Amino acid sequence: MPNQDILDLQPTHIQELQNRYEQALAEHGYDSLLIASGAAPYRYRDDQTYVFQGFGPFLHWTGLAGQEHSWLLIRPGHKPVLWLYQPVDFWHANPALPEEPWQEVVEVRSRQQPGAPELDNPGRLAVIGDPLVLDGVPGEHNPAALVAAVEETRVHKTPYEIECLAHANRIALAGHNAARDAFLAGDSEFGINLAYQQATGQREAEAPYHSIIGLNEHAGTLHYQYYDVQPPRRPRSLLIDAGARYRGYCSDITRTTAGPGEPRFAALVHGLEKLQLRLCEMVAPGVDYLDIHRKAHQGIAALLSASGLVSGLSDETIVEQGISRAFFPHGIGHFLGIQVHDVAGKPTPPPEDAPFLRLTRTLEEGMVVTIEPGLYFIPSLLEPVLNGPQAKYLNRSLLDELQGCGGIRIEDNVAVTASGARNLTRETER
């Protein structure tokens, strides 16, 4: 059931979006904006479609993730008008639309045709959405400057959005708890995935992204995409990166669990979690997100030294010589919202020492970010170090022992507040 407190926040959220969009339209010289929800395209030479999740700006306004062929009109000084595609169809059911407070501030209409509605006197009209559904629609399609301004409206989350993201975290945490229990009971990757879906009550098609569920060495593939149906003979580790949706908003949580009889790996998991919590505490207005990423590398270097994986070098040298990047190759995180990797995160390119960083902004109140350090044993990244002059500093036997555990990643979703941060993941985790 929807949370009534969240529902009561949505009309104010829509009014804030109206203000932001009116400013964007005025700055770029448009009189109205038509937003397409999108539609799932058909696979080539097939009568089946791809999975549909909806266009970000449409979800930003409505939270209606399952509405294909629908349209939203924004005009300064007018109520938004929402056309929902609701055909008479004995093949498929139309998504239900319960009565909720947001419908008092949006004019909702029904259409039986999938195309764009005819508009009376729209003036200079911009239309944004998947180009596949915009063919033949009057107006300027996806003007780059306006699209960038629209994406900027999603950087600072409203209170409604923060609560939706918090609720999505609560849903996903139930799944993570079930996944951990299934792993400790000896289940396979496939069985762990089923336990996760059962606990969240969401099908894979409804989730914000394909869950990453890796046992043992599979945990060392950052976006591991398969599920073995048989459990490994010796379950050594579980890495699960999985989220949930609530009213279009995503959670993105990663947890790593050591298997029975893995004290060295369990100690590394514990050490990385302590580092991750310190990094979450850095989140605050005015903090350069890149500083959190670089602090993560310093922490990874300290963990490599303390565990004996690397010896004979200072922590600073471990970072400067790129050794920490062989163990932690990705960025510390990204924006989170309607999309898992939410938009407008990179107004400037990432620096050379952080090529995969997805967020290069200074943090401000209302932003929501992920904090996800990792420590992995990936052969393709470690072999150049082990075959080079730095090999003498690495503990090869310990690396060989731990490589079968794959790696560790721990990820929380953190909202920037006026004075610091609110960890949306930890506030309900048991």
# chains A, B, ... in the order shown; residues from 1 in each chain; ligands from 1

$ residues_around --residues "A:Ala354" --least-positions-apart "5" --cutoff "9 Å" --atoms "only C-alpha atoms" --output "PyMOL selection string"
chain A and resi 290+293-294+325+329-331

$ residues_around --residues "stretch 3-5 of chain A" --least-positions-apart "6" --cutoff "10 Å" --atoms "only C-alpha atoms" --output "PDB file with N, CA, C and O atoms, in the first residue's frame"
ATOM      1  N   GLU A 100      -5.504   9.600  -5.799  1.00  0.00           N
ATOM      2  CA  GLU A 100      -4.434  10.074  -4.923  1.00  0.00           C
ATOM      3  C   GLU A 100      -4.381  11.589  -4.968  1.00  0.00           C
ATOM      4  O   GLU A 100      -4.867  12.217  -5.921  1.00  0.00           O
ATOM      5  N   PRO A 101      -3.766  12.225  -3.962  1.00  0.00           N
ATOM      6  CA  PRO A 101      -3.804  13.691  -3.866  1.00  0.00           C
ATOM      7  C   PRO A 101      -3.223  14.421  -5.068  1.00  0.00           C
ATOM      8  O   PRO A 101      -3.659  15.540  -5.384  1.00  0.00           O
ATOM      9  N   TYR A 160       9.355  15.052  -1.227  1.00  0.00           N
ATOM     10  CA  TYR A 160       8.622  13.891  -1.743  1.00  0.00           C
ATOM     11  C   TYR A 160       9.594  12.877  -2.345  1.00  0.00           C
ATOM     12  O   TYR A 160       9.494  11.662  -2.071  1.00  0.00           O
ATOM     13  N   GLU A 163      11.637  10.960   0.271  1.00  0.00           N
ATOM     14  CA  GLU A 163      10.874   9.920   0.963  1.00  0.00           C
ATOM     15  C   GLU A 163      10.593   8.732   0.053  1.00  0.00           C
ATOM     16  O   GLU A 163      10.560   7.585   0.520  1.00  0.00           O
ATOM     17  N   CYS A 164      10.394   8.976  -1.242  1.00  0.00           N
ATOM     18  CA  CYS A 164      10.243   7.862  -2.175  1.00  0.00           C
ATOM     19  C   CYS A 164      11.519   7.031  -2.226  1.00  0.00           C
ATOM     20  O   CYS A 164      11.477   5.792  -2.229  1.00  0.00           O
ATOM     21  N   HIS A 167      11.819   4.964   0.893  1.00  0.00           N
ATOM     22  CA  HIS A 167      10.924   3.806   0.865  1.00  0.00           C
ATOM     23  C   HIS A 167      11.466   2.727  -0.066  1.00  0.00           C
ATOM     24  O   HIS A 167      11.377   1.531   0.240  1.00  0.00           O
TER      25      HIS A 167
END

$ closest_atom_pairs --of "stretch 97-167 of chain A" --to "stretch 343-352 of chain A" --cutoff "8 Å" --atoms "only C-alpha atoms" --output "Markdown table"
| residue | atom | partner | partner_atom | distance |
| --- | --- | --- | --- | --- |
| A:Ala148 | CA | A:Ala344 | CA | 7.7 |
| A:Glu151 | CA | A:Ala344 | CA | 6.1 |
| A:Glu152 | CA | A:Ala344 | CA | 6.0 |
| A:Arg154 | CA | A:Val343 | CA | 7.4 |
| A:Val155 | CA | A:Ala344 | CA | 6.8 |

$ residues_around --residues "stretch 132-146 of chain A" --least-positions-apart "2" --cutoff "10 Å" --atoms "only C-alpha atoms" --output "short mmCIF file (atom, residue, chain, number, x, y, z; two decimals) with C-alpha atoms, in the first residue's frame"
data_model
loop_
_atom_site.label_atom_id
_atom_site.label_comp_id
_atom_site.auth_asym_id
_atom_site.auth_seq_id
_atom_site.Cartn_x
_atom_site.Cartn_y
_atom_site.Cartn_z
CA TYR A 21 9.97 23.98 -15.66
CA ALA A 24 13.46 26.57 -17.98
CA LEU A 25 10.85 27.24 -20.66
CA GLU A 27 14.97 30.89 -20.38
CA HIS A 28 14.92 28.90 -23.62
CA GLY A 29 12.01 30.66 -25.31
CA TYR A 30 9.32 27.97 -25.31
CA SER A 32 4.83 24.74 -23.80
CA LEU A 33 6.44 21.34 -23.37
CA LEU A 34 5.00 17.95 -24.25
CA ILE A 35 6.62 14.94 -22.54
CA ALA A 36 6.19 11.42 -23.90
CA SER A 37 6.15 8.51 -21.47
CA GLY A 38 7.58 6.27 -24.19
CA ALA A 39 6.77 2.74 -25.28
CA ALA A 40 8.66 -0.52 -25.41
CA PRO A 41 9.93 -1.19 -28.96
CA HIS A 69 1.95 5.85 -24.94
CA PRO A 114 -1.36 5.74 -28.73
CA GLY A 115 -0.28 8.85 -30.64
CA ALA A 116 0.29 12.34 -29.28
CA PRO A 117 -2.79 14.43 -28.43
CA GLU A 118 -3.76 17.38 -30.61
CA LEU A 119 -2.99 20.65 -28.84
CA PRO A 122 0.57 25.51 -27.93
CA GLY A 123 2.74 28.39 -29.18
CA ARG A 124 6.38 27.47 -29.55
CA LEU A 125 6.23 23.82 -28.55
CA ALA A 126 9.06 21.55 -27.44
CA VAL A 127 8.54 17.79 -27.34
CA ILE A 128 10.87 15.48 -25.42
CA GLY A 129 11.01 11.72 -25.26
CA ASP A 130 12.22 8.63 -27.08
CA ALA A 148 19.83 19.82 -20.32
CA ALA A 149 17.78 22.34 -18.32
CA VAL A 150 15.09 19.71 -17.68
CA GLU A 151 17.72 17.26 -16.47
CA GLU A 152 19.08 19.92 -14.13
#

$ closest_atom_pairs --of "stretch 234-253 of chain A" --to "stretch 47-64 of chain A" --cutoff "8 Å" --atoms "only C-alpha atoms" --output "JSON lines"
{"residue": "A:Arg247", "atom": "CA", "partner": "A:Gly63", "partner_atom": "CA", "distance": 4.5}
{"residue": "A:Gly248", "atom": "CA", "partner": "A:Gly63", "partner_atom": "CA", "distance": 4.8}
{"residue": "A:Tyr249", "atom": "CA", "partner": "A:Gly63", "partner_atom": "CA", "distance": 7.6}

$ write_last_selection --atoms "N, CA, C and O atoms" --output "PDB file, in the first residue's frame"
ATOM      1  N   ARG A 247       7.275   4.194  -6.801  1.00  0.00           N
ATOM      2  CA  ARG A 247       6.722   5.343  -7.524  1.00  0.00           C
ATOM      3  C   ARG A 247       7.753   5.909  -8.508  1.00  0.00           C
ATOM      4  O   ARG A 247       7.890   7.112  -8.685  1.00  0.00           O
ATOM      5  N   GLY A 248       8.466   5.005  -9.151  1.00  0.00           N
ATOM      6  CA  GLY A 248       9.448   5.381 -10.153  1.00  0.00           C
ATOM      7  C   GLY A 248      10.844   5.593  -9.615  1.00  0.00           C
ATOM      8  O   GLY A 248      11.809   5.611 -10.387  1.00  0.00           O
ATOM      9  N   TYR A 249      11.020   5.746  -8.304  1.00  0.00           N
ATOM     10  CA  TYR A 249      12.319   6.068  -7.718  1.00  0.00           C
ATOM     11  C   TYR A 249      13.084   4.800  -7.348  1.00  0.00           C
ATOM     12  O   TYR A 249      12.501   3.812  -6.903  1.00  0.00           O
TER      13      TYR A 249
END

$ closest_residue --among "A:Ala166, A:Leu309, A:Leu7, A:Ala296" --to "A:Glu401" --atoms "only C-alpha atoms"
A:Leu309

$ select_by_dssp --residues "stretch 110-343 of chain A" --states "alpha helix (DSSP H)" --output "ChimeraX atom specification"
/A:131-134,144-152,159-184,189-200,263-282,289-307,315-320,323-327

$ select_by_dssp --residues "stretch 174-321 of chain A" --states "strand (DSSP E)" --output "list of chain:residue names"
A:Ile212, A:Ile213, A:Gly214, A:Leu215, A:Ser237, A:Leu238, A:Leu239, A:Ile240, A:Asp241, A:Ala242, A:Arg245, A:Tyr246, A:Tyr249, A:Cys250, A:Ile253, A:Thr254, A:Arg255, A:Thr256, A:Thr257, A:Ala258

$ closest_residue --among "A:Leu375, A:Leu313, A:Ile192, A:Leu303" --to "A:Cys405" --atoms "only C-alpha atoms"
A:Leu375

$ closest_residue --among "A:Arg245, A:Lys274, A:Arg203, A:Arg236" --to "A:Gly261" --atoms "only C-alpha atoms"
A:Arg236

$ closest_residue --among "A:Glu262, A:Glu372, A:Glu427, A:Glu320" --to "A:Arg278" --atoms "only C-alpha atoms"
A:Glu372

$ decode --residues "stretch 240-323 of chain A" --atoms "C-alpha atoms" --output "PDB file, in the first residue's frame"
ATOM      1  CA  ILE A 240      24.662  -8.727  -4.208  1.00  0.00           C
ATOM      2  CA  ASP A 241      24.040  -5.360  -5.840  1.00  0.00           C
ATOM      3  CA  ALA A 242      20.278  -4.970  -6.123  1.00  0.00           C
ATOM      4  CA  GLY A 243      17.597  -2.327  -5.763  1.00  0.00           C
ATOM      5  CA  ALA A 244      13.874  -1.724  -5.891  1.00  0.00           C
ATOM      6  CA  ARG A 245      11.482   0.880  -7.273  1.00  0.00           C
ATOM      7  CA  TYR A 246       8.876   2.948  -5.489  1.00  0.00           C
ATOM      8  CA  ARG A 247       6.722   5.343  -7.524  1.00  0.00           C
ATOM      9  CA  GLY A 248       9.448   5.381 -10.153  1.00  0.00           C
ATOM     10  CA  TYR A 249      12.319   6.068  -7.718  1.00  0.00           C
ATOM     11  CA  CYS A 250      15.251   3.681  -7.405  1.00  0.00           C
ATOM     12  CA  SER A 251      17.318   2.255  -4.624  1.00  0.00           C
ATOM     13  CA  ASP A 252      20.782   0.860  -5.327  1.00  0.00           C
ATOM     14  CA  ILE A 253      22.312  -1.151  -2.482  1.00  0.00           C
ATOM     15  CA  THR A 254      25.268  -3.528  -2.385  1.00  0.00           C
ATOM     16  CA  ARG A 255      26.219  -5.912   0.384  1.00  0.00           C
ATOM     17  CA  THR A 256      28.948  -8.538   0.664  1.00  0.00           C
ATOM     18  CA  THR A 257      28.794 -11.561   2.952  1.00  0.00           C
ATOM     19  CA  ALA A 258      31.673 -13.894   3.774  1.00  0.00           C
ATOM     20  CA  GLY A 259      30.938 -17.594   3.754  1.00  0.00           C
ATOM     21  CA  PRO A 260      31.589 -19.922   6.691  1.00  0.00           C
ATOM     22  CA  GLY A 261      35.256 -20.560   7.358  1.00  0.00           C
ATOM     23  CA  GLU A 262      36.524 -17.410   5.595  1.00  0.00           C
ATOM     24  CA  PRO A 263      38.054 -15.357   8.426  1.00  0.00           C
ATOM     25  CA  ARG A 264      40.522 -13.435   6.233  1.00  0.00           C
ATOM     26  CA  PHE A 265      37.841 -12.428   3.764  1.00  0.00           C
ATOM     27  CA  ALA A 266      35.402 -11.621   6.579  1.00  0.00           C
ATOM     28  CA  ALA A 267      38.022  -9.302   8.108  1.00  0.00           C
ATOM     29  CA  LEU A 268      38.362  -7.484   4.782  1.00  0.00           C
ATOM     30  CA  VAL A 269      34.579  -7.120   4.532  1.00  0.00           C
ATOM     31  CA  HIS A 270      34.530  -5.651   8.030  1.00  0.00           C
ATOM     32  CA  GLY A 271      37.379  -3.275   7.222  1.00  0.00           C
ATOM     33  CA  LEU A 272      35.771  -2.067   4.007  1.00  0.00           C
ATOM     34  CA  GLU A 273      32.468  -1.476   5.778  1.00  0.00           C
ATOM     35  CA  LYS A 274      34.194   0.695   8.389  1.00  0.00           C
ATOM     36  CA  LEU A 275      35.766   2.688   5.562  1.00  0.00           C
ATOM     37  CA  GLN A 276      32.449   2.963   3.748  1.00  0.00           C
ATOM     38  CA  LEU A 277      30.727   4.374   6.823  1.00  0.00           C
ATOM     39  CA  ARG A 278      33.465   6.992   7.205  1.00  0.00           C
ATOM     40  CA  LEU A 279      33.012   7.988   3.573  1.00  0.00           C
ATOM     41  CA  CYS A 280      29.237   8.305   4.078  1.00  0.00           C
ATOM     42  CA  GLU A 281      29.935  10.674   6.961  1.00  0.00           C
ATOM     43  CA  MET A 282      31.877  12.928   4.580  1.00  0.00           C
ATOM     44  CA  VAL A 283      28.713  13.696   2.597  1.00  0.00           C
ATOM     45  CA  ALA A 284      27.695  17.306   3.274  1.00  0.00           C
ATOM     46  CA  PRO A 285      26.994  20.552   1.408  1.00  0.00           C
ATOM     47  CA  GLY A 286      30.129  22.083  -0.074  1.00  0.00           C
ATOM     48  CA  VAL A 287      32.069  18.806  -0.265  1.00  0.00           C
ATOM     49  CA  ASP A 288      33.636  18.013  -3.633  1.00  0.00           C
ATOM     50  CA  TYR A 289      32.460  14.498  -4.508  1.00  0.00           C
ATOM     51  CA  LEU A 290      35.884  13.826  -6.036  1.00  0.00           C
ATOM     52  CA  ASP A 291      37.391  14.309  -2.573  1.00  0.00           C
ATOM     53  CA  ILE A 292      35.273  11.416  -1.291  1.00  0.00           C
ATOM     54  CA  HIS A 293      36.521   9.260  -4.159  1.00  0.00           C
ATOM     55  CA  ARG A 294      40.143  10.116  -3.403  1.00  0.00           C
ATOM     56  CA  LYS A 295      39.628   9.546   0.310  1.00  0.00           C
ATOM     57  CA  ALA A 296      38.289   6.094  -0.608  1.00  0.00           C
ATOM     58  CA  HIS A 297      41.581   5.263  -2.321  1.00  0.00           C
ATOM     59  CA  GLN A 298      43.493   6.347   0.759  1.00  0.00           C
ATOM     60  CA  GLY A 299      41.302   4.053   2.835  1.00  0.00           C
ATOM     61  CA  ILE A 300      41.739   1.163   0.407  1.00  0.00           C
ATOM     62  CA  ALA A 301      45.518   1.635   0.604  1.00  0.00           C
ATOM     63  CA  ALA A 302      45.373   1.513   4.404  1.00  0.00           C
ATOM     64  CA  LEU A 303      43.279  -1.666   4.243  1.00  0.00           C
ATOM     65  CA  LEU A 304      45.717  -3.282   1.805  1.00  0.00           C
ATOM     66  CA  SER A 305      48.573  -2.486   4.181  1.00  0.00           C
ATOM     67  CA  ALA A 306      46.767  -3.605   7.343  1.00  0.00           C
ATOM     68  CA  SER A 307      45.694  -6.916   5.777  1.00  0.00           C
ATOM     69  CA  GLY A 308      49.181  -7.720   4.499  1.00  0.00           C
ATOM     70  CA  LEU A 309      48.097  -7.747   0.858  1.00  0.00           C
ATOM     71  CA  VAL A 310      50.603  -4.965   0.192  1.00  0.00           C
ATOM     72  CA  SER A 311      53.703  -4.282   2.309  1.00  0.00           C
ATOM     73  CA  GLY A 312      56.830  -2.167   2.115  1.00  0.00           C
ATOM     74  CA  LEU A 313      55.071   0.919   0.729  1.00  0.00           C
ATOM     75  CA  SER A 314      53.406   3.856   2.416  1.00  0.00           C
ATOM     76  CA  ASP A 315      49.674   4.282   1.908  1.00  0.00           C
ATOM     77  CA  GLU A 316      50.363   7.441  -0.126  1.00  0.00           C
ATOM     78  CA  THR A 317      52.700   5.550  -2.446  1.00  0.00           C
ATOM     79  CA  ILE A 318      50.173   2.733  -2.911  1.00  0.00           C
ATOM     80  CA  VAL A 319      47.758   5.333  -4.252  1.00  0.00           C
ATOM     81  CA  GLU A 320      50.315   7.344  -6.240  1.00  0.00           C
ATOM     82  CA  GLN A 321      51.639   4.267  -8.034  1.00  0.00           C
ATOM     83  CA  GLY A 322      48.135   3.144  -9.012  1.00  0.00           C
ATOM     84  CA  ILE A 323      48.184  -0.038  -6.943  1.00  0.00           C
TER      85      ILE A 323
END
